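Trainee: This one is upload-v1.cif, mmCIF, C-alpha atoms.
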```cif
data_data
#
loop_
_atom_site.label_atom_id
_atom_site.label_comp_id
_atom_site.auth_asym_id
_atom_site.auth_seq_id
_atom_site.Cartn_x
_atom_site.Cartn_y
_atom_site.Cartn_z
CA MET A 1 22.41 -47.14 -3.69
CA LYS A 2 19.75 -46.06 -1.20
CA ARG A 3 22.21 -43.60 0.43
CA ARG A 4 23.08 -42.18 -2.96
CA ILE A 5 19.43 -41.59 -3.83
CA THR A 6 18.82 -39.97 -0.45
CA PHE A 7 21.85 -37.72 -0.96
CA LEU A 8 20.64 -36.68 -4.44
CA LEU A 9 17.16 -35.96 -3.12
CA ALA A 10 18.66 -33.80 -0.37
CA ILE A 11 20.69 -31.85 -2.95
CA CYS A 12 17.61 -31.38 -5.16
CA SER A 13 15.58 -30.21 -2.16
CA PHE A 14 18.26 -27.70 -1.22
CA VAL A 15 18.39 -26.35 -4.79
CA PHE A 16 14.59 -26.10 -4.91
CA ILE A 17 14.40 -24.29 -1.59
CA SER A 18 17.23 -21.91 -2.43
CA HIS A 19 15.55 -20.95 -5.70
CA SER A 20 12.04 -20.76 -4.22
CA PHE A 21 12.82 -18.42 -1.34
CA THR A 22 15.00 -15.42 -2.03
CA GLN A 23 16.08 -13.32 0.92
CA VAL A 24 15.69 -9.76 -0.28
CA ARG A 25 17.73 -7.19 1.63
CA THR A 26 15.77 -4.01 2.30
CA GLY A 27 17.33 -0.56 2.61
CA ILE A 28 17.85 -0.90 6.36
CA ASP A 29 19.36 -4.38 5.89
CA VAL A 30 21.84 -2.95 3.39
CA LEU A 31 22.90 -0.29 5.90
CA ILE A 32 23.36 -2.91 8.63
CA GLU A 33 25.38 -5.24 6.43
CA THR A 34 27.76 -2.45 5.44
CA ASN A 35 27.91 -1.14 9.02
CA PHE A 36 26.44 2.09 7.63
CA ASN A 37 29.52 2.56 5.47
CA GLY A 38 27.37 2.79 2.36
CA ALA A 39 25.70 5.80 3.87
CA LYS A 40 28.75 7.23 5.60
CA ALA A 41 28.68 10.53 3.72
CA LEU A 42 24.92 10.72 4.15
CA LEU A 43 24.61 9.99 7.86
CA GLU A 44 27.91 10.20 9.72
CA GLY A 45 28.10 13.13 12.11
CA LYS A 46 24.60 14.29 11.20
CA ARG A 47 21.47 14.76 13.27
CA ILE A 48 18.72 12.51 11.98
CA GLY A 49 14.96 12.62 12.04
CA LEU A 50 13.37 9.22 11.36
CA ILE A 51 9.92 8.82 9.79
CA THR A 52 8.83 5.29 10.58
CA ASN A 53 6.30 2.95 12.18
CA PRO A 54 6.23 -0.74 13.25
CA THR A 55 6.93 -1.86 9.66
CA GLY A 56 10.32 -0.14 9.78
CA VAL A 57 12.24 -3.25 10.75
CA SER A 58 15.20 -5.26 9.52
CA SER A 59 14.76 -8.75 8.08
CA SER A 60 15.39 -10.06 11.62
CA LEU A 61 12.46 -7.90 12.86
CA GLU A 62 14.57 -5.40 14.77
CA SER A 63 13.14 -1.88 14.74
CA THR A 64 14.94 0.72 12.64
CA ILE A 65 14.45 3.05 15.60
CA ASP A 66 16.56 0.77 17.82
CA ILE A 67 19.14 0.20 15.08
CA PHE A 68 19.61 3.94 14.58
CA ALA A 69 19.52 4.72 18.29
CA ARG A 70 22.51 2.48 19.06
CA ALA A 71 24.53 3.27 15.92
CA LYS A 72 27.81 4.94 16.87
CA ASN A 73 28.36 6.93 13.70
CA LEU A 74 25.05 8.81 13.58
CA THR A 75 22.81 10.74 15.97
CA LEU A 76 19.06 10.07 16.05
CA VAL A 77 17.34 13.14 17.49
CA ALA A 78 13.62 12.85 16.61
CA LEU A 79 10.92 10.46 15.42
CA PHE A 80 8.00 11.29 13.12
CA GLY A 81 4.78 9.30 13.14
CA PRO A 82 2.40 8.74 10.18
CA GLU A 83 -1.19 7.47 10.39
CA HIS A 84 -1.40 4.76 13.11
CA GLY A 85 1.64 6.27 14.86
CA VAL A 86 5.29 5.35 15.29
CA ARG A 87 4.39 2.35 17.45
CA GLY A 88 1.21 1.44 15.55
CA ASP A 89 -1.07 2.05 18.50
CA VAL A 90 -3.57 4.39 16.80
CA THR A 91 -6.63 3.22 14.81
CA ALA A 92 -7.31 4.19 11.19
CA GLY A 93 -8.13 7.88 10.95
CA GLY A 94 -7.20 8.43 14.61
CA LYS A 95 -5.18 11.56 15.28
CA VAL A 96 -1.61 11.12 16.44
CA GLU A 97 -0.30 13.75 18.82
CA THR A 98 3.23 14.79 19.71
CA TYR A 99 4.78 13.04 22.73
CA THR A 100 8.02 11.57 24.07
CA ASP A 101 8.88 7.99 23.11
CA SER A 102 9.39 6.02 26.32
CA ALA A 103 11.89 3.59 24.78
CA THR A 104 14.31 6.19 23.40
CA ASN A 105 13.28 9.36 25.26
CA LEU A 106 13.14 11.09 21.88
CA PRO A 107 10.42 13.52 20.79
CA VAL A 108 7.82 11.96 18.48
CA TYR A 109 6.25 14.50 16.14
CA SER A 110 2.86 13.72 14.70
CA LEU A 111 2.37 13.80 10.94
CA TYR A 112 -1.26 12.76 11.30
CA GLY A 113 -2.62 15.31 13.75
CA LYS A 114 -2.76 19.09 13.57
CA THR A 115 -0.34 18.97 10.65
CA ARG A 116 0.61 16.35 8.10
CA THR A 117 3.76 18.13 7.02
CA PRO A 118 6.84 18.50 9.26
CA THR A 119 7.01 22.12 10.38
CA SER A 120 10.18 24.24 10.58
CA ASP A 121 10.05 23.98 14.37
CA MET A 122 9.92 20.16 14.19
CA LEU A 123 12.87 20.15 11.81
CA LYS A 124 15.02 22.56 13.80
CA GLY A 125 18.48 21.08 14.31
CA ILE A 126 17.86 18.15 11.93
CA ASP A 127 20.27 17.60 9.04
CA VAL A 128 18.70 14.54 7.41
CA LEU A 129 15.19 13.05 7.28
CA VAL A 130 15.13 9.26 6.82
CA TYR A 131 11.97 7.44 5.68
CA ASP A 132 11.53 3.73 6.45
CA ILE A 133 7.94 2.49 6.12
CA GLN A 134 6.49 -0.54 4.33
CA ASP A 135 3.75 0.37 1.86
CA ILE A 136 1.10 -1.70 0.05
CA GLY A 137 1.24 -0.20 -3.45
CA ALA A 138 -2.12 1.62 -3.49
CA ARG A 139 -2.51 5.35 -4.07
CA SER A 140 -5.02 5.83 -1.24
CA TYR A 141 -2.78 4.32 1.44
CA THR A 142 -1.60 7.42 3.28
CA PHE A 143 2.05 6.55 3.95
CA ILE A 144 3.25 7.59 0.47
CA ASN A 145 1.59 10.97 0.97
CA THR A 146 3.34 11.35 4.33
CA MET A 147 6.60 10.62 2.51
CA ALA A 148 5.92 13.19 -0.22
CA LEU A 149 4.87 15.94 2.19
CA ALA A 150 8.01 15.31 4.23
CA MET A 151 10.04 15.61 1.03
CA GLU A 152 8.41 18.98 0.39
CA ALA A 153 9.33 20.10 3.92
CA ALA A 154 12.89 18.85 3.43
CA ALA A 155 13.17 20.89 0.23
CA GLU A 156 11.83 24.02 1.94
CA ASN A 157 14.18 23.66 4.90
CA ASN A 158 17.28 22.58 2.94
CA ILE A 159 17.39 19.17 4.62
CA GLU A 160 18.54 15.98 2.94
CA PHE A 161 15.97 13.20 2.47
CA ILE A 162 16.79 9.49 2.43
CA VAL A 163 14.41 6.64 1.58
CA LEU A 164 15.29 3.17 2.84
CA ASP A 165 13.63 1.17 0.09
CA ARG A 166 11.25 -1.76 0.53
CA PRO A 167 9.37 -4.16 -1.81
CA ASN A 168 6.00 -3.34 -3.31
CA PRO A 169 3.82 -6.31 -2.27
CA LEU A 170 1.79 -5.96 -5.49
CA THR A 171 5.03 -6.42 -7.49
CA GLY A 172 6.79 -3.70 -9.42
CA ASN A 173 4.89 -4.51 -12.61
CA THR A 174 1.26 -4.16 -11.53
CA VAL A 175 -0.15 -0.82 -12.70
CA GLU A 176 -3.93 -0.44 -12.65
CA GLY A 177 -6.77 2.03 -12.33
CA ASN A 178 -7.33 5.62 -13.32
CA VAL A 179 -4.76 8.37 -12.97
CA LEU A 180 -5.98 10.76 -10.27
CA ASP A 181 -7.82 13.88 -11.43
CA GLU A 182 -6.13 16.65 -9.43
CA LYS A 183 -9.54 18.24 -8.73
CA PHE A 184 -9.93 15.37 -6.26
CA LYS A 185 -6.56 15.80 -4.62
CA SER A 186 -6.62 14.83 -0.93
CA PHE A 187 -4.56 12.94 1.63
CA VAL A 188 -5.95 9.67 0.20
CA GLY A 189 -4.88 10.62 -3.30
CA GLN A 190 -2.45 13.46 -3.72
CA TYR A 191 -0.62 12.97 -7.02
CA PRO A 192 -1.62 12.12 -10.63
CA ILE A 193 -0.62 8.46 -10.56
CA PRO A 194 -2.73 5.31 -11.16
CA TYR A 195 -4.46 3.73 -8.18
CA VAL A 196 -2.01 0.80 -8.28
CA TYR A 197 1.26 2.38 -9.37
CA GLY A 198 3.77 -0.50 -9.51
CA MET A 199 6.76 1.23 -7.92
CA THR A 200 8.69 0.94 -4.68
CA CYS A 201 8.50 3.91 -2.33
CA GLY A 202 12.04 4.85 -3.36
CA GLU A 203 11.14 4.80 -7.04
CA LEU A 204 7.99 6.79 -6.40
CA ALA A 205 9.98 9.37 -4.40
CA LYS A 206 12.33 9.83 -7.36
CA PHE A 207 9.38 10.10 -9.75
CA LEU A 208 7.57 12.75 -7.68
CA ASN A 209 10.77 14.69 -7.05
CA GLU A 210 12.05 14.76 -10.63
CA GLU A 211 8.67 15.21 -12.33
CA GLY A 212 8.03 18.41 -10.35
CA MET A 213 4.98 17.02 -8.56
CA LEU A 214 5.91 18.27 -5.11
CA ASP A 215 4.14 21.47 -4.07
CA GLY A 216 6.18 24.49 -5.01
CA LYS A 217 7.94 22.35 -7.66
CA LYS A 218 11.08 22.59 -5.52
CA LYS A 219 13.17 19.40 -5.48
CA CYS A 220 14.62 17.95 -2.32
CA LYS A 221 18.11 16.47 -2.08
CA LEU A 222 17.00 12.85 -2.37
CA THR A 223 18.92 9.59 -1.90
CA VAL A 224 17.40 6.11 -2.12
CA VAL A 225 19.20 3.27 -0.33
CA THR A 226 18.28 0.51 -2.74
CA MET A 227 17.45 -3.09 -1.92
CA ARG A 228 19.50 -6.10 -2.88
CA GLY A 229 17.92 -9.12 -4.52
CA TRP A 230 14.51 -7.65 -5.31
CA LYS A 231 13.04 -8.14 -8.78
CA ARG A 232 10.02 -6.35 -10.22
CA LEU A 233 8.06 -9.55 -10.78
CA MET A 234 8.32 -10.64 -7.12
CA TRP A 235 5.26 -11.05 -4.93
CA TRP A 236 5.85 -10.65 -1.22
CA ASP A 237 6.03 -14.36 -0.44
CA GLU A 238 8.89 -14.64 -2.95
CA THR A 239 11.07 -12.12 -1.09
CA GLY A 240 11.77 -14.30 1.96
CA LEU A 241 10.94 -11.32 4.18
CA PRO A 242 8.64 -11.45 7.22
CA TRP A 243 5.45 -9.38 6.98
CA VAL A 244 4.64 -6.82 9.66
CA PRO A 245 1.02 -5.58 9.53
CA THR A 246 1.07 -2.17 7.86
CA SER A 247 -2.17 -1.26 9.64
CA PRO A 248 -4.71 -3.17 11.75
CA HIS A 249 -6.70 -4.33 8.71
CA ILE A 250 -3.68 -5.39 6.62
CA PRO A 251 -2.54 -8.34 8.78
CA ASN A 252 -0.70 -10.12 5.96
CA ALA A 253 0.70 -9.41 2.51
CA GLN A 254 -2.20 -11.18 0.79
CA THR A 255 -4.59 -8.62 2.28
CA ALA A 256 -2.75 -5.91 0.35
CA LEU A 257 -4.17 -7.39 -2.87
CA TYR A 258 -7.71 -7.42 -1.52
CA TYR A 259 -7.38 -3.82 -0.29
CA SER A 260 -7.02 -2.66 -3.90
CA MET A 261 -9.89 -4.92 -4.94
CA THR A 262 -12.61 -3.75 -2.54
CA GLY A 263 -11.30 -0.81 -0.49
CA ILE A 264 -12.74 1.95 -2.68
CA LEU A 265 -16.21 0.37 -2.61
CA GLY A 266 -15.88 0.04 1.17
CA GLU A 267 -15.65 3.83 1.50
CA LEU A 268 -19.40 4.05 0.77
CA GLU A 269 -20.20 1.87 3.81
CA THR A 270 -23.32 0.56 2.06
CA VAL A 271 -21.91 -2.97 1.84
CA ASN A 272 -19.49 -4.69 4.18
CA ILE A 273 -16.08 -5.64 2.75
CA GLY A 274 -14.97 -7.92 5.57
CA VAL A 275 -13.69 -5.15 7.85
CA GLY A 276 -15.14 -6.02 11.23
CA TYR A 277 -14.88 -9.73 10.48
CA THR A 278 -11.90 -12.09 10.16
CA MET A 279 -11.21 -11.45 6.45
CA PRO A 280 -10.80 -7.69 5.88
CA PHE A 281 -11.26 -6.60 2.25
CA GLN A 282 -11.88 -10.20 1.14
CA LEU A 283 -15.68 -10.23 1.47
CA ILE A 284 -18.66 -8.39 -0.01
CA GLY A 285 -21.79 -8.63 2.15
CA ALA A 286 -25.11 -6.99 3.01
CA GLN A 287 -28.41 -8.04 4.56
CA TRP A 288 -30.12 -7.81 1.18
CA ILE A 289 -27.57 -9.85 -0.81
CA GLU A 290 -28.55 -13.43 -1.69
CA SER A 291 -25.26 -15.26 -1.43
CA LYS A 292 -25.59 -17.93 -4.13
CA LYS A 293 -27.29 -15.61 -6.62
CA PHE A 294 -24.53 -13.03 -6.18
CA ALA A 295 -21.71 -15.58 -6.40
CA ASP A 296 -23.20 -17.16 -9.53
CA ALA A 297 -23.55 -13.78 -11.23
CA LEU A 298 -19.96 -12.82 -10.46
CA ASN A 299 -18.56 -16.18 -11.53
CA ALA A 300 -20.56 -15.93 -14.78
CA LYS A 301 -18.54 -12.83 -15.66
CA ASN A 302 -15.42 -15.05 -15.85
CA ILE A 303 -13.20 -12.46 -14.19
CA LEU A 304 -9.62 -13.60 -14.78
CA GLY A 305 -7.81 -14.98 -11.74
CA LEU A 306 -10.81 -14.96 -9.39
CA HIS A 307 -13.51 -17.21 -7.95
CA PHE A 308 -16.40 -16.13 -5.72
CA ARG A 309 -17.78 -18.40 -3.00
CA PRO A 310 -21.20 -17.74 -1.42
CA LEU A 311 -21.23 -17.33 2.36
CA THR A 312 -23.04 -15.73 5.26
CA TYR A 313 -21.25 -14.07 8.15
CA LYS A 314 -21.79 -11.80 11.12
CA PRO A 315 -19.26 -8.97 11.71
CA TYR A 316 -17.89 -8.62 15.23
CA TYR A 317 -17.57 -4.83 15.12
CA GLY A 318 -18.33 -1.83 12.90
CA GLY A 319 -21.53 -0.60 11.32
CA GLN A 320 -22.93 -4.11 10.68
CA LYS A 321 -21.91 -5.55 14.04
CA ASP A 322 -23.94 -8.65 15.03
CA THR A 323 -25.93 -8.49 11.77
CA MET A 324 -26.12 -11.59 9.58
CA LEU A 325 -24.95 -10.72 6.08
CA GLY A 326 -25.20 -12.60 2.81
CA GLY A 327 -22.41 -12.27 0.33
CA VAL A 328 -19.28 -13.74 -1.21
CA GLN A 329 -15.72 -14.53 -0.30
CA ILE A 330 -13.23 -13.60 -3.03
CA TYR A 331 -10.57 -16.17 -3.90
CA ILE A 332 -7.55 -15.21 -5.96
CA THR A 333 -6.86 -18.23 -8.18
CA ASP A 334 -4.16 -16.59 -10.33
CA ARG A 335 -2.62 -13.40 -8.96
CA ASN A 336 -0.72 -12.82 -12.20
CA LYS A 337 -3.95 -12.51 -14.20
CA VAL A 338 -6.29 -10.64 -11.87
CA ASN A 339 -6.89 -6.91 -12.29
CA LEU A 340 -7.58 -5.69 -8.76
CA VAL A 341 -9.08 -2.26 -9.47
CA ASN A 342 -11.21 -3.38 -12.42
CA THR A 343 -12.72 -6.13 -10.25
CA GLN A 344 -14.05 -3.50 -7.86
CA LEU A 345 -16.08 -1.89 -10.64
CA SER A 346 -17.38 -5.26 -11.84
CA ILE A 347 -18.62 -5.98 -8.31
CA ILE A 348 -20.52 -2.66 -8.18
CA GLU A 349 -21.96 -3.27 -11.64
CA THR A 350 -23.15 -6.75 -10.62
CA LEU A 351 -24.80 -5.41 -7.47
CA HIS A 352 -26.70 -2.84 -9.55
CA GLU A 353 -27.76 -5.48 -12.07
CA LEU A 354 -29.10 -7.82 -9.39
CA TYR A 355 -30.47 -5.22 -6.96
CA PRO A 356 -31.45 -2.05 -8.86
CA SER A 357 -33.35 -0.74 -5.83
CA LYS A 358 -30.18 -1.01 -3.70
CA ASN A 359 -27.95 1.39 -5.60
CA VAL A 360 -24.77 1.48 -3.51
CA PHE A 361 -24.32 5.20 -4.20
CA ALA A 362 -27.94 6.17 -3.47
CA LEU A 363 -27.75 4.31 -0.15
CA ALA A 364 -24.66 6.27 0.92
CA ASP A 365 -24.68 9.68 2.59
CA SER A 366 -22.99 12.68 0.98
CA ASN A 367 -19.83 12.40 3.10
CA ARG A 368 -19.28 8.79 2.08
CA ILE A 369 -19.91 9.60 -1.58
CA ALA A 370 -17.36 12.42 -1.38
CA MET A 371 -14.86 10.00 0.19
CA PHE A 372 -15.49 7.42 -2.54
CA ASP A 373 -14.75 10.03 -5.20
CA LYS A 374 -11.57 11.15 -3.41
CA VAL A 375 -10.23 7.62 -3.11
CA MET A 376 -11.30 6.82 -6.66
CA GLY A 377 -9.59 10.03 -7.73
CA THR A 378 -12.53 11.14 -9.86
CA ASP A 379 -16.34 11.39 -9.81
CA MET A 380 -16.52 10.11 -13.40
CA VAL A 381 -16.68 6.45 -12.34
CA ARG A 382 -19.60 6.95 -9.97
CA LYS A 383 -21.55 9.10 -12.42
CA LYS A 384 -21.07 6.76 -15.38
CA ILE A 385 -22.00 3.64 -13.42
CA ASN A 386 -25.17 5.43 -12.32
CA GLU A 387 -25.89 6.30 -15.94
CA GLY A 388 -25.73 2.61 -16.81
CA ILE A 389 -22.55 2.89 -18.88
CA PRO A 390 -20.83 -0.52 -18.96
CA VAL A 391 -17.78 -0.85 -16.73
CA ARG A 392 -15.65 -2.05 -19.66
CA SER A 393 -16.23 1.33 -21.36
CA ILE A 394 -15.20 3.21 -18.22
CA ILE A 395 -12.03 1.12 -17.93
CA GLU A 396 -11.13 1.75 -21.58
CA GLU A 397 -11.18 5.51 -20.92
CA TRP A 398 -8.32 5.37 -18.42
CA GLU A 399 -6.03 3.10 -20.46
CA SER A 400 -4.33 6.05 -22.18
CA GLY A 401 -3.57 7.63 -18.78
CA ILE A 402 -1.96 4.39 -17.60
CA GLN A 403 0.20 4.25 -20.73
CA GLN A 404 1.38 7.84 -20.26
CA PHE A 405 2.31 7.03 -16.67
CA LEU A 406 4.19 3.89 -17.71
CA ASN A 407 6.19 5.90 -20.21
CA ALA A 408 6.98 8.65 -17.68
CA ARG A 409 8.06 6.30 -14.89
CA LYS A 410 10.59 4.29 -16.93
CA LYS A 411 13.61 6.43 -16.12
CA TYR A 412 12.95 6.25 -12.36
CA LEU A 413 12.87 2.46 -12.02
CA LEU A 414 15.73 1.19 -9.88
CA TYR A 415 15.23 -2.57 -10.34
CA LEU A 416 14.82 -4.99 -13.23
#
```
Please render this file's structure as structure tokens.
Mentor:
Amino acid sequence: MKRRITFLLAICSFVFISHSFTQVRTGIDVLIETNFNGAKALLEGKRIGLITNPTGVSSSLESTIDIFARAKNLTLVALFGPEHGVRGDVTAGGKVETYTDSATNLPVYSLYGKTRTPTSDMLKGIDVLVYDIQDIGARSYTFINTMALAMEAAAENNIEFIVLDRPNPLTGNTVEGNVLDEKFKSFVGQYPIPYVYGMTCGELAKFLNEEGMLDGKKKCKLTVVTMRGWKRLMWWDETGLPWVPTSPHIPNAQTALYYSMTGILGELETVNIGVGYTMPFQLIGAQWIESKKFADALNAKNILGLHFRPLTYKPYYGGQKDTMLGGVQIYITDRNKVNLVNTQLSIIETLHELYPSKNVFALADSNRIAMFDKVMGTDMVRKKINEGIPVRSIIEEWESGIQQFLNARKKYLLYL
């Protein structure tokens, strides 16, 4: 009897585990499993330029660069590096220059240096551009803009463009924030989409291409190598995939949520958001913040899916290095209920209510204010908060833009 019970428990455990952890197959995994046969017409006998970085890996953590370099039925001829570089050895905002990759002896062209768009000279002799980079689902994260600019270059130079698709760590259902006002178009917000856009990079590529959003309105010849096993409702930990840091301050998939919750505020540099400490984007701190008072005020707002814990901390680097700060740590208690972008505005509103003499915009210099507006995709938010207009009214104004986007994106969704 005891053996039978043990056997049944083992079976139940196996069933639970198999249903709890799904191994999603990314675009590069699909190519490997089919021995590139699925992309035979796309890649065989062609000269390939690969846009990638350290996140371009298979589920076994092998670099897409190495996989392509040894493949017998294709020829990898050049690498293209976004922000942080092909090997991830450049800090945020640091310029990447053109060089020769020591591992493959291939030229590495910078897309975050003198130019952010592949030039005709860079593309000379290339038949296909392949994009394989993990994103974090936020409009201001520069990789999607690198992808779109490369698509524009591919269209101009009559080169095919292939996206090896990857999961959106914020799920494929989370759509939040204002649609970008094109007057604030920049490399941290280039297209009229919500701040959190709820699409994979492959879906977004199709959307931008078919909706005529690329400069010149010229479409590229686009193919998306779709994933297997990914569902729109999946969070990263439900994919079974390993996480590779997408940049130095996004060390794990959970940080991607916090990036969309505090990153815009962080552009002002008037409060610390945990960058420089051990919890990037998860903290709000300043010398003048009283931790318990701030935490109590935020918790009193009953923001769905969140709890705020008072703390003090001392950043190890950055503008507040070695300075003791009061503030809060943000805990996500229900990720399916929290609205990441709206929370950011509630935090600013609470700071202004508690510390009217410490207006986070007035404390910032003009360059940081301009950057806030670019990342926010509008100056309306800053101006209205300064006018004392309640955040809930500001949020209501962008709901119609979100709905229009949701309607437009439907036909480009590749997954259920």
Trainee: Measure the distance from CA of Gly27 in chain A to CA of Val225 in chain A in Å and round it to one decimal.
Mentor: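 For CA of Gly27 in chain A relative to CA of Val225 in chain A, the distance reads 5.2 Å.
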Trainee: To verify the selection step, state as JSON, numbers by chain which residues the PyMOL selection byres ((chain A and resi 217) around 12) yields on this input.
Mentor: {"A": [148, 151, 152, 153, 155, 156, 208, 209, 210, 211, 212, 213, 214, 215, 216, 218, 219, 220]}
Trainee: What is the CA of Val86 in chain A-CA of Gly274 in chain A distance in Å, reported with one decimal?
Mentor: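 For CA of Val86 in chain A relative to CA of Gly274 in chain A, the distance reads 26.1 Å.
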Trainee: Which residues fall under the PyMOL selection byres ((chain A and resi 339) around 12) in this file, as a PyMOL selection string?
Mentor: chain A and resi 170+174-177+195-196+257-258+260-262+303-306+332+334-338+340-346+395
Trainee: Might you spell out which residues the PyMOL selection byres ((chain A and resi 381) around 12) would select in the displayed file, as a PyMOL selection string?
Mentor: chain A and resi 177-178+180-181+264-265+341-342+344-346+348-349+361+369+372-380+382-398
Trainee: Could those selected residues go to a file with C-alpha atoms, as a PDB file, in the frame of the given file?
Mentor:
```pdb
ATOM      1  CA  GLY A 177      -6.770   2.030 -12.330  1.00  0.00           C
ATOM      2  CA  ASN A 178      -7.330   5.620 -13.320  1.00  0.00           C
ATOM      3  CA  LEU A 180      -5.980  10.760 -10.270  1.00  0.00           C
ATOM      4  CA  ASP A 181      -7.820  13.880 -11.430  1.00  0.00           C
ATOM      5  CA  ILE A 264     -12.740   1.950  -2.680  1.00  0.00           C
ATOM      6  CA  LEU A 265     -16.210   0.370  -2.610  1.00  0.00           C
ATOM      7  CA  VAL A 341      -9.080  -2.260  -9.470  1.00  0.00           C
ATOM      8  CA  ASN A 342     -11.210  -3.380 -12.420  1.00  0.00           C
ATOM      9  CA  GLN A 344     -14.050  -3.500  -7.860  1.00  0.00           C
ATOM     10  CA  LEU A 345     -16.080  -1.890 -10.640  1.00  0.00           C
ATOM     11  CA  SER A 346     -17.380  -5.260 -11.840  1.00  0.00           C
ATOM     12  CA  ILE A 348     -20.520  -2.660  -8.180  1.00  0.00           C
ATOM     13  CA  GLU A 349     -21.960  -3.270 -11.640  1.00  0.00           C
ATOM     14  CA  PHE A 361     -24.320   5.200  -4.200  1.00  0.00           C
ATOM     15  CA  ILE A 369     -19.910   9.600  -1.580  1.00  0.00           C
ATOM     16  CA  PHE A 372     -15.490   7.420  -2.540  1.00  0.00           C
ATOM     17  CA  ASP A 373     -14.750  10.030  -5.200  1.00  0.00           C
ATOM     18  CA  LYS A 374     -11.570  11.150  -3.410  1.00  0.00           C
ATOM     19  CA  VAL A 375     -10.230   7.620  -3.110  1.00  0.00           C
ATOM     20  CA  MET A 376     -11.300   6.820  -6.660  1.00  0.00           C
ATOM     21  CA  GLY A 377      -9.590  10.030  -7.730  1.00  0.00           C
ATOM     22  CA  THR A 378     -12.530  11.140  -9.860  1.00  0.00           C
ATOM     23  CA  ASP A 379     -16.340  11.390  -9.810  1.00  0.00           C
ATOM     24  CA  MET A 380     -16.520  10.110 -13.400  1.00  0.00           C
ATOM     25  CA  ARG A 382     -19.600   6.950  -9.970  1.00  0.00           C
ATOM     26  CA  LYS A 383     -21.550   9.100 -12.420  1.00  0.00           C
ATOM     27  CA  LYS A 384     -21.070   6.760 -15.380  1.00  0.00           C
ATOM     28  CA  ILE A 385     -22.000   3.640 -13.420  1.00  0.00           C
ATOM     29  CA  ASN A 386     -25.170   5.430 -12.320  1.00  0.00           C
ATOM     30  CA  GLU A 387     -25.890   6.300 -15.940  1.00  0.00           C
ATOM     31  CA  GLY A 388     -25.730   2.610 -16.810  1.00  0.00           C
ATOM     32  CA  ILE A 389     -22.550   2.890 -18.880  1.00  0.00           C
ATOM     33  CA  PRO A 390     -20.830  -0.520 -18.960  1.00  0.00           C
ATOM     34  CA  VAL A 391     -17.780  -0.850 -16.730  1.00  0.00           C
ATOM     35  CA  ARG A 392     -15.650  -2.050 -19.660  1.00  0.00           C
ATOM     36  CA  SER A 393     -16.230   1.330 -21.360  1.00  0.00           C
ATOM     37  CA  ILE A 394     -15.200   3.210 -18.220  1.00  0.00           C
ATOM     38  CA  ILE A 395     -12.030   1.120 -17.930  1.00  0.00           C
ATOM     39  CA  GLU A 396     -11.130   1.750 -21.580  1.00  0.00           C
ATOM     40  CA  GLU A 397     -11.180   5.510 -20.920  1.00  0.00           C
ATOM     41  CA  TRP A 398      -8.320   5.370 -18.420  1.00  0.00           C
TER      42      TRP A 398
END
```
Trainee: Which one of A:Lys221, A:Arg116, A:Arg409, A:Lys124 sits closest to Ile144 in chain A if you count all atoms listed in the file?
Mentor: A:Arg116
Trainee: Can you measure CA of Ala370 in chain A to CA of Val271 in chain A for me? One decimal in Å is fine.
Mentor: 16.4 Å
Trainee: If you count all atoms listed in the file, which residues fall within 8 Å of range 54-57 of chain A, apart from same-chain ones fewer than 4 positions away, as a PyMOL selection string?
Mentor: chain A and resi 28+61-65+86-88+132-134+244-246
Trainee: Create the file for the chosen residues now, containing C-alpha atoms and written as a CSV table (one decimal), in the frame of the given file.
Mentor:
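Dumped everything to again.csv:
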```csv
chain,number,residue,atom,x,y,z
A,28,ILE,CA,17.8,-0.9,6.4
A,61,LEU,CA,12.5,-7.9,12.9
A,62,GLU,CA,14.6,-5.4,14.8
A,63,SER,CA,13.1,-1.9,14.7
A,64,THR,CA,14.9,0.7,12.6
A,65,ILE,CA,14.4,3.0,15.6
A,86,VAL,CA,5.3,5.4,15.3
A,87,ARG,CA,4.4,2.4,17.4
A,88,GLY,CA,1.2,1.4,15.6
A,132,ASP,CA,11.5,3.7,6.4
A,133,ILE,CA,7.9,2.5,6.1
A,134,GLN,CA,6.5,-0.5,4.3
A,244,VAL,CA,4.6,-6.8,9.7
A,245,PRO,CA,1.0,-5.6,9.5
A,246,THR,CA,1.1,-2.2,7.9
```
Trainee: From the list A:Met199, A:Val24, A:Ala150, A:Leu283, which residue is nearest Ser110 in chain A when using only C-alpha atoms?
Mentor: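 Ranked by minimum distance to Ser110 in chain A, first place goes to A:Ala150.
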Trainee: Ranking A:Gln404, A:Asn168, A:Ser186, A:Asn73 by minimum distance to Glu44 in chain A and counting all atoms listed in the file, which one comes first?
Mentor: A:Asn73
Trainee: From the set A:Gly45, A:Thr200, A:Leu351, A:Ser247, which residue has the shortest atom-to-atom contact distance to Gly85 in chain A, counting only C-alpha atoms?
Mentor: A:Ser247
Trainee: Counting all atoms listed in the file, which residue out of A:Glu160, A:Asp29, A:Asp237, A:Asp165 sits closest to Leu42 in chain A?
Mentor: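 Result for the nearest residue to Leu42 in chain A: A:Glu160.
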Trainee: What are the centre and the three edge lengths of an axis-aligned box that wraps all atoms of range 287-304 of chain A in the file, given that 4 Å is added to every side, written as AutoDock Vina command-line options and rounded to one decimal in Å?
Mentor:
```
--center_x -19.9 --center_y -12.9 --center_z -5.6 --size_x 28.5 --size_y 18.1 --size_z 28.4
```
Trainee: Which residue, A:Asp127, A:Asp322, A:Asp121, A:Asp365, has the smallest gap to Val77 in chain A when you use only C-alpha atoms?
Mentor: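 Nearest to Val77 in chain A: A:Asp127.
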